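K.L.:
Would you mind keeping the following structure in view while I ask a few things?
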Amino acid sequence: GEIGERADYVSTVIESEEASFGRTLDRGIEIFAGAAERAQKSKDKVISGEDAFQLYDTFGFPLDLTQLMAQERSLKVDTAKFSELMEQQRQRARAAQKDVWLSGVSNINFSASAELTVNKNLPETEDLHKYHTDQCDAAIAGLIDGDGFKDKGQIDTGAQVGIVLDKTCFYAEAGGQVGDCGIIQSAKARFIVEKTVKIANCIVHQGKVAEGAFDIGEKVHAVVSKDRNSVKRNHTATHLLQWALQEVLGKSVAQQGSYVGPDYLRFDLTYPKAPTAEQLGQVEELVREKIAADLPVTWTIMPKDQARKLGAMALFGEKYGDEVRVVALGAEDKNGINEAFSREFCGGTHVDRLGVIGGFKIIKEESIAAGVRRITALTGSALTSHLEKGSDIADELSAMLKVPSESLVERVGQLLKDNKKLAKELKAAARHSGTDSMAEARGLLAKSEKTGEASIVIGQLSTTTVEQAREAVDMLKKKAKSAAIVLGFDDDGRATLLAGVTDDLVAKGLKAGDIVKEIAPIVDGGGGGRPQMAQAGGKNPKKIGDALTRAGEIIKQKLGG
Ligand SMILES: [Zn+2]
C-alpha cells in the first residue's frame with residue numbers, strides 16, 4: 001500500500017541523510033585542515049574569516065567549534081571578519097525575502113510606501129488568452145514604477161516600467177514556468193517585455209519603452225515572443241518526465257519543484273538515492289515513445305474534488321481554488337480525460353500534440369538535498385544544438401588524436417594509462433636522484449677530517465633539492481654522532497648552502513646559524529637559522545667552493561680554540 005511505500009522511502013532517506021552528514025563532516029574536516037595549513041604559514045597564525053565562514057555556511061561548523069579546533073593547533077580565528085560575513089549573509093537573505101514578496105519585480109525599485117499602494121490599487125487582468133493565442137489587442141490600464149500604480153498619464157521613451165493591460169495573452173511566471181517575453185506596440189511606439197509577473201490578480205509586463213511614447217488608456221497590440229513555443233515544448237515534456245519517472249521509479253516519486261524555460265527544463269523529485277543509468281535510460285525511452293506516438297494534449301477546468309477522483313497530481317504545498325485546471329496527456333478532448341495517461345493540476349502553457357516536442361534527452365542528474373534529486377533535460381532546437389556541439393567536439397578530438405570518433409574513448413583511455421605510467425617513472429627517477437645525494441654525503445663523511453671526536457664534513461653535492469640536502473645533513477649528523485657539516489650545491493644558477501651542527505658541538509659554541517651568516521655573502525646571498533641547522537641561498541654558485549673553504553676554517557678555529 002501507499003503507507004508501506006512511504007515508510008520504506010522515509011527509512012531510506014534517513015539512512016542516506018546520515019551517510020551524507022558523515023560525508024559533509026569529513027569534507028568539513030578536510031577544509032579545516034587546509035585552512036589551518038594556510039594559517040600556519042601566515043604571519044599572525046590566524047584562520048581567515050572567509051575560511052571560518054565557509055566552514056559554518058557550507059559544512060555547518062559553528063564558530064566555537066572552529067575556534068576550539070584552531071586552539072588545539074595554537075591558531076586564532078579572525079572573528080571580526082566572520083561576523084562581517086554573517087551580517088552580509090543576513091542582509092542578502094532579507095533582500096531575497098522582499099524579492100519573493102514582490103513576485104520578482106526586480107528591475108523596478110519600489111519604495112516602502114509604493115509597495116503598499118501596489119497591493120491596494122492593482123486592477124485584475126483577464127489572462128485566459130494565454131492558452132489560445134500568442135497575440136491579442138488590448139488597452140493600457142496603467143503603469144507600475146517606483147512610486148506604485150498609476151492609471152493616468154504617459155509612458156515616455158526609455159522608461160523602465162511595468163505595463164498593465166486590461167487583458168493579455170502573456171503568461172506570468174508561475175509553477176516553475178518562466179514569464180513570457182515579447183512586445184507591446186501601438187502605431188507610434190514599441191515596448192519590449194523582458195519578463196511577465198503576477199502581483200495578486202494583476203499581470204505586470206516588465207520592460208522598457210524602446211521607441212515612441214504611450215498614453216495610458218491607449219489601444220495596443222501585444223505579441224508574445226516565439227520563445228513561448230520552446231517553453232511549451234519543455235513544459236509538456238516536464239509532465240511526460242514526471243509520468244515516466246513514476247513508471248520506472250515507483251509511485252512514491254513526488255515533484256519538489258521545477259523550472260520550465262525556453263532553453264531547458266529542470267525537474268526536482270523526492271527519491272532517496274541516485275537513479276541508475278539504466279533507470280534514466282528507461283525514463284528517456286518512455287518519454288520518446290510517447291513523443292513519437294504524437295498523442296494529443298488537452299486541458300479542462302473542473303471542480304477540485306472531481307479532479308482528485310481522476311487522480312490528478314497536486315504539487316505538495318501548492319494552493320488551489322475550488323476550480324482547478326487539469327492538463328491531460330493522451331486525450332483528444334475533455335470527454336477523453338479518463339483515458340489520459342497523465343493528468344496534472346497545472347496552469348501552464350502546453351503543446352497541442354506530443355510530436356511537437358521533437359526529442360528528449362536528460363543531460364544531468366544530481367542530488368540537491370537529502371532525498372531530493374534534480375534532473376535537467378533538453379527538447380526541440382536546444383537539444384539539436386546540444387547534440388551538434390557534442391559532435392563538433394568529437395570531430396575536433398578526432399582530428400587532434402588522428403583516430404576515427406568511434407575509437408576516441410579507447411584512445412583517450414590509452415593516453416590516460418600511458419600518462420599514469422610516465423608519472424610513476426618520473427617519481428621513481430626523482431627518488432633515484434635522492435639516493436645519489438645520500439651516497440655523495442656518505443662519501444664526504446668517509447673522507448672527512450676529524451678534530452678530536454668530531455667529524456668535519458664539508459663538500460659540494462650534485463644538483464639536488466633543498467629537501468634532499470637537508471635529509472643528507474640529518475643523516476650525516478646521526479651517522480657521525482659528533483659533527484659539523486656544511487654542504488653546498490648549484491641548482492640552475494642558484495647557490496644553496498646548508499650547515500648542521502650536533503648538540504655536543506653547539507654546547508662548545510659552534511653554531512650552524514653563525515657559520516651560514518658568515519659564508520653566505522661569499523655566494524652573494526644571505527641566510528641563517530638555528531644553532532643545529534641553518535640554510536642560505538645566493539646568486540653566485542661559482543663561489544660555492546670558496547664559501548666551503550671558509551666554512552672549514554671557521555669550524556677548525558672554533559673547535560681548535
Ligand atoms: Zn505543469
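Simple scheme: letters A, B, ... for chains in C-alpha cells order, numbers from 1 for residues in each chain, numbers from 1 for ligands in the order shown.
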Segment 217-459 of chain A: which residues are strand (DSSP E) by DSSP, as JSON, numbers by chain?
P.N.:
{"A": [219, 220, 221, 222, 223, 224, 255, 256, 257, 258, 259, 260, 265, 266, 267, 268, 269, 270, 297, 298, 299, 300, 301, 302, 303, 323, 324, 325, 326, 327, 328, 329, 342, 343, 344, 345, 360, 361, 362, 363, 364, 365, 366, 367, 368, 369, 372, 373, 374, 375, 376, 377, 378, 379, 449, 450, 451, 454, 455, 456, 457, 458, 459]}
K.L.:
Using the selection just defined, write its residues with C-alpha atoms as a PDB file, in the first residue's frame.
P.N.:
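Resulting contents of selection-v5.pdb:
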ATOM      1  CA  LYS A 219      -5.207  50.702 -27.634  1.00  0.00           C
ATOM      2  CA  VAL A 220      -2.187  48.419 -28.231  1.00  0.00           C
ATOM      3  CA  HIS A 221      -1.276  45.068 -29.761  1.00  0.00           C
ATOM      4  CA  ALA A 222       0.574  42.532 -27.586  1.00  0.00           C
ATOM      5  CA  VAL A 223       2.770  39.823 -29.183  1.00  0.00           C
ATOM      6  CA  VAL A 224       4.445  37.020 -27.223  1.00  0.00           C
ATOM      7  CA  GLN A 255       7.576  16.621  -7.593  1.00  0.00           C
ATOM      8  CA  GLN A 256       9.513  19.057  -5.405  1.00  0.00           C
ATOM      9  CA  GLY A 257       9.763  21.909  -7.869  1.00  0.00           C
ATOM     10  CA  SER A 258      10.559  22.623 -11.480  1.00  0.00           C
ATOM     11  CA  TYR A 259      11.965  25.182 -13.890  1.00  0.00           C
ATOM     12  CA  VAL A 260      10.491  25.467 -17.364  1.00  0.00           C
ATOM     13  CA  LEU A 265      13.737  22.142 -18.216  1.00  0.00           C
ATOM     14  CA  ARG A 266      14.570  21.077 -14.708  1.00  0.00           C
ATOM     15  CA  PHE A 267      12.577  18.734 -12.501  1.00  0.00           C
ATOM     16  CA  ASP A 268      13.217  18.123  -8.784  1.00  0.00           C
ATOM     17  CA  LEU A 269      11.839  14.947  -7.271  1.00  0.00           C
ATOM     18  CA  THR A 270      11.824  13.093  -3.968  1.00  0.00           C
ATOM     19  CA  VAL A 297      -2.732  17.098 -25.229  1.00  0.00           C
ATOM     20  CA  THR A 298      -5.833  18.696 -23.766  1.00  0.00           C
ATOM     21  CA  TRP A 299      -6.946  20.619 -20.686  1.00  0.00           C
ATOM     22  CA  THR A 300     -10.112  21.484 -18.847  1.00  0.00           C
ATOM     23  CA  ILE A 301     -11.290  23.322 -15.787  1.00  0.00           C
ATOM     24  CA  MET A 302     -13.151  21.181 -13.244  1.00  0.00           C
ATOM     25  CA  PRO A 303     -14.103  21.174  -9.571  1.00  0.00           C
ATOM     26  CA  GLU A 323     -11.984  25.092  -9.614  1.00  0.00           C
ATOM     27  CA  VAL A 324      -8.769  23.688 -10.984  1.00  0.00           C
ATOM     28  CA  ARG A 325      -7.198  23.353 -14.397  1.00  0.00           C
ATOM     29  CA  VAL A 326      -6.221  19.823 -15.325  1.00  0.00           C
ATOM     30  CA  VAL A 327      -3.756  19.167 -18.158  1.00  0.00           C
ATOM     31  CA  ALA A 328      -4.124  15.702 -19.673  1.00  0.00           C
ATOM     32  CA  LEU A 329      -1.700  13.881 -21.982  1.00  0.00           C
ATOM     33  CA  SER A 342      -1.056  11.721 -17.378  1.00  0.00           C
ATOM     34  CA  ARG A 343      -3.335  14.183 -15.558  1.00  0.00           C
ATOM     35  CA  GLU A 344      -1.960  17.079 -13.539  1.00  0.00           C
ATOM     36  CA  PHE A 345      -3.192  20.268 -11.876  1.00  0.00           C
ATOM     37  CA  PHE A 360      14.065  14.492 -25.329  1.00  0.00           C
ATOM     38  CA  LYS A 361      17.353  13.946 -23.529  1.00  0.00           C
ATOM     39  CA  ILE A 362      18.399  14.018 -19.869  1.00  0.00           C
ATOM     40  CA  ILE A 363      21.698  15.897 -19.700  1.00  0.00           C
ATOM     41  CA  LYS A 364      22.240  15.897 -15.924  1.00  0.00           C
ATOM     42  CA  GLU A 365      21.076  14.069 -12.800  1.00  0.00           C
ATOM     43  CA  GLU A 366      22.263  15.235  -9.376  1.00  0.00           C
ATOM     44  CA  SER A 367      21.422  15.406  -5.678  1.00  0.00           C
ATOM     45  CA  ILE A 368      20.365  18.834  -4.362  1.00  0.00           C
ATOM     46  CA  ALA A 369      19.364  17.900  -0.783  1.00  0.00           C
ATOM     47  CA  VAL A 372      15.857  15.201  -3.400  1.00  0.00           C
ATOM     48  CA  ARG A 373      17.230  14.621  -6.921  1.00  0.00           C
ATOM     49  CA  ARG A 374      17.376  17.126  -9.773  1.00  0.00           C
ATOM     50  CA  ILE A 375      17.043  16.198 -13.435  1.00  0.00           C
ATOM     51  CA  THR A 376      17.915  18.628 -16.241  1.00  0.00           C
ATOM     52  CA  ALA A 377      16.721  17.833 -19.762  1.00  0.00           C
ATOM     53  CA  LEU A 378      16.511  19.318 -23.261  1.00  0.00           C
ATOM     54  CA  THR A 379      13.929  19.200 -26.056  1.00  0.00           C
ATOM     55  CA  GLU A 449      88.743  15.318   8.728  1.00  0.00           C
ATOM     56  CA  LYS A 450      88.436  14.848  12.483  1.00  0.00           C
ATOM     57  CA  THR A 451      89.119  17.213  15.342  1.00  0.00           C
ATOM     58  CA  ALA A 454      84.166  15.492  15.950  1.00  0.00           C
ATOM     59  CA  SER A 455      83.938  14.925  12.185  1.00  0.00           C
ATOM     60  CA  ILE A 456      84.147  17.962   9.916  1.00  0.00           C
ATOM     61  CA  VAL A 457      82.117  17.076   6.802  1.00  0.00           C
ATOM     62  CA  ILE A 458      82.413  19.678   4.060  1.00  0.00           C
ATOM     63  CA  GLY A 459      81.721  19.361   0.363  1.00  0.00           C
TER      64      GLY A 459
END
K.L.:
Go through chain A and flag each residue having an atom no more than 8 Å from ligand 1; for those, report the closest pair of atoms plus their distance in Å to one decimal, using only C-alpha atoms and all ligand atoms, ordered by chain and rising number, as a Markdown table.
P.N.:
| residue | atom | partner | partner_atom_place_in_ligand_line | distance |
| --- | --- | --- | --- | --- |
| A:Gly175 | CA | ligand 1 | 1 (Zn) | 6.9 |
| A:Gly176 | CA | ligand 1 | 1 (Zn) | 8.0 |
| A:Gln177 | CA | ligand 1 | 1 (Zn) | 7.9 |
| A:His235 | CA | ligand 1 | 1 (Zn) | 6.0 |
| A:Thr236 | CA | ligand 1 | 1 (Zn) | 7.0 |
| A:Thr238 | CA | ligand 1 | 1 (Zn) | 7.1 |
| A:His239 | CA | ligand 1 | 1 (Zn) | 6.2 |
| A:Val327 | CA | ligand 1 | 1 (Zn) | 7.4 |
| A:Glu344 | CA | ligand 1 | 1 (Zn) | 6.9 |
| A:Phe345 | CA | ligand 1 | 1 (Zn) | 7.0 |
| A:Cys346 | CA | ligand 1 | 1 (Zn) | 4.4 |
| A:Gly347 | CA | ligand 1 | 1 (Zn) | 6.4 |
| A:Gly348 | CA | ligand 1 | 1 (Zn) | 5.3 |
| A:Thr349 | CA | ligand 1 | 1 (Zn) | 7.8 |
K.L.:
As a PyMOL selection string, please: the residues near Cys169 of chain A (cut-off 7 Å, only C-alpha atoms, same-chain neighbours under 2 positions excluded).
P.N.:
chain A and resi 127+129-130+133-136+171
K.L.:
Got time to write the residues from that selection, N, CA and C atoms, as a PDB file, in the first residue's frame?
P.N.:
ATOM      1  N   ASP A 127      -6.600  37.039 -18.255  1.00  0.00           N
ATOM      2  CA  ASP A 127      -5.431  36.488 -18.980  1.00  0.00           C
ATOM      3  C   ASP A 127      -5.647  35.077 -19.507  1.00  0.00           C
ATOM      4  N   HIS A 129      -6.431  34.271 -22.370  1.00  0.00           N
ATOM      5  CA  HIS A 129      -5.979  34.235 -23.769  1.00  0.00           C
ATOM      6  C   HIS A 129      -4.656  33.509 -23.943  1.00  0.00           C
ATOM      7  N   LYS A 130      -3.847  33.440 -22.855  1.00  0.00           N
ATOM      8  CA  LYS A 130      -2.516  32.810 -22.964  1.00  0.00           C
ATOM      9  C   LYS A 130      -2.617  31.357 -23.420  1.00  0.00           C
ATOM     10  N   THR A 133      -3.715  31.811 -27.683  1.00  0.00           N
ATOM     11  CA  THR A 133      -3.089  32.636 -28.717  1.00  0.00           C
ATOM     12  C   THR A 133      -1.812  33.277 -28.196  1.00  0.00           C
ATOM     13  N   ASP A 134      -0.958  33.697 -29.134  1.00  0.00           N
ATOM     14  CA  ASP A 134       0.248  34.401 -28.693  1.00  0.00           C
ATOM     15  C   ASP A 134       0.219  35.869 -29.113  1.00  0.00           C
ATOM     16  N   GLN A 135      -0.952  36.366 -29.605  1.00  0.00           N
ATOM     17  CA  GLN A 135      -1.096  37.816 -29.767  1.00  0.00           C
ATOM     18  C   GLN A 135      -2.541  38.265 -29.573  1.00  0.00           C
ATOM     19  N   CYS A 136      -2.697  39.460 -29.050  1.00  0.00           N
ATOM     20  CA  CYS A 136      -4.055  39.962 -28.813  1.00  0.00           C
ATOM     21  C   CYS A 136      -4.070  41.499 -28.775  1.00  0.00           C
ATOM     22  N   TYR A 171       1.967  34.992 -20.471  1.00  0.00           N
ATOM     23  CA  TYR A 171       1.953  34.104 -19.306  1.00  0.00           C
ATOM     24  C   TYR A 171       2.862  34.692 -18.242  1.00  0.00           C
TER      25      TYR A 171
END
K.L.:
Which distance in Å separates atom CA of Val412 of chain A and atom CA of Gln282 of chain A, to one decimal?
P.N.:
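So the two atoms, atom CA of Val412 of chain A and atom CA of Gln282 of chain A, lie 28.6 Å apart.
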K.L.:
So that I can see what lies close to segment 182-196 of chain A, please list as a JSON list (two decimals) with N, CA and C atoms, in the first residue's frame the residues with an atom at most 6 Å from it, counting only C-alpha atoms and leaving out residues fewer than 3 positions away in the same chain.
P.N.:
[["chain", "number", "residue", "atom", "x", "y", "z"],
["A", 172, "ALA", "N", 2.33, 34.86, -17.03],
["A", 172, "ALA", "CA", 3.13, 35.38, -15.92],
["A", 172, "ALA", "C", 3.79, 34.23, -15.18],
["A", 179, "GLY", "N", 8.06, 33.62, -16.98],
["A", 179, "GLY", "CA", 7.13, 34.57, -17.56],
["A", 179, "GLY", "C", 7.52, 34.89, -19.00],
["A", 204, "VAL", "N", 1.73, 41.91, -14.74],
["A", 204, "VAL", "CA", 2.61, 43.05, -14.97],
["A", 204, "VAL", "C", 3.64, 42.68, -16.05],
["A", 205, "HIS", "N", 3.64, 43.46, -17.15],
["A", 205, "HIS", "CA", 4.61, 43.26, -18.24],
["A", 205, "HIS", "C", 5.79, 44.17, -17.96],
["A", 206, "GLN", "N", 6.92, 43.59, -17.52],
["A", 206, "GLN", "CA", 8.08, 44.40, -17.14],
["A", 206, "GLN", "C", 8.96, 44.63, -18.33],
["A", 207, "GLY", "N", 9.49, 45.83, -18.49],
["A", 207, "GLY", "CA", 10.40, 46.07, -19.60],
["A", 207, "GLY", "C", 10.67, 47.54, -19.82],
["A", 208, "LYS", "N", 10.88, 47.91, -21.12],
["A", 208, "LYS", "CA", 11.39, 49.23, -21.45],
["A", 208, "LYS", "C", 10.74, 49.74, -22.74],
["A", 209, "VAL", "N", 10.43, 51.03, -22.76],
["A", 209, "VAL", "CA", 9.90, 51.64, -23.99],
["A", 209, "VAL", "C", 11.08, 51.84, -24.94],
["A", 210, "ALA", "N", 11.09, 51.14, -26.07],
["A", 210, "ALA", "CA", 12.22, 51.20, -27.00],
["A", 210, "ALA", "C", 12.06, 52.32, -28.02],
["A", 211, "GLU", "N", 10.80, 52.72, -28.25],
["A", 211, "GLU", "CA", 10.53, 53.66, -29.34],
["A", 211, "GLU", "C", 9.25, 54.41, -29.01],
["A", 212, "GLY", "N", 9.21, 55.72, -29.24],
["A", 212, "GLY", "CA", 7.99, 56.49, -29.05],
["A", 212, "GLY", "C", 7.52, 56.55, -27.61],
["A", 213, "ALA", "N", 6.25, 56.92, -27.42],
["A", 213, "ALA", "CA", 5.67, 57.01, -26.08],
["A", 213, "ALA", "C", 4.23, 56.53, -26.12],
["A", 220, "VAL", "N", -3.49, 48.98, -27.80],
["A", 220, "VAL", "CA", -2.19, 48.42, -28.23],
["A", 220, "VAL", "C", -2.37, 46.98, -28.71],
["A", 221, "HIS", "N", -1.28, 46.46, -29.33],
["A", 221, "HIS", "CA", -1.28, 45.07, -29.76],
["A", 221, "HIS", "C", -0.14, 44.37, -29.02],
["A", 222, "ALA", "N", -0.44, 43.24, -28.37],
["A", 222, "ALA", "CA", 0.57, 42.53, -27.59],
["A", 222, "ALA", "C", 0.96, 41.24, -28.29],
["A", 223, "VAL", "N", 2.29, 41.02, -28.47],
["A", 223, "VAL", "CA", 2.77, 39.82, -29.18],
["A", 223, "VAL", "C", 3.81, 39.10, -28.32],
["A", 224, "VAL", "N", 3.53, 37.83, -28.02],
["A", 224, "VAL", "CA", 4.45, 37.02, -27.22],
["A", 224, "VAL", "C", 5.60, 36.53, -28.10],
["A", 225, "SER", "N", 6.81, 36.51, -27.54],
["A", 225, "SER", "CA", 8.00, 36.04, -28.27],
["A", 225, "SER", "C", 7.84, 34.58, -28.70]]
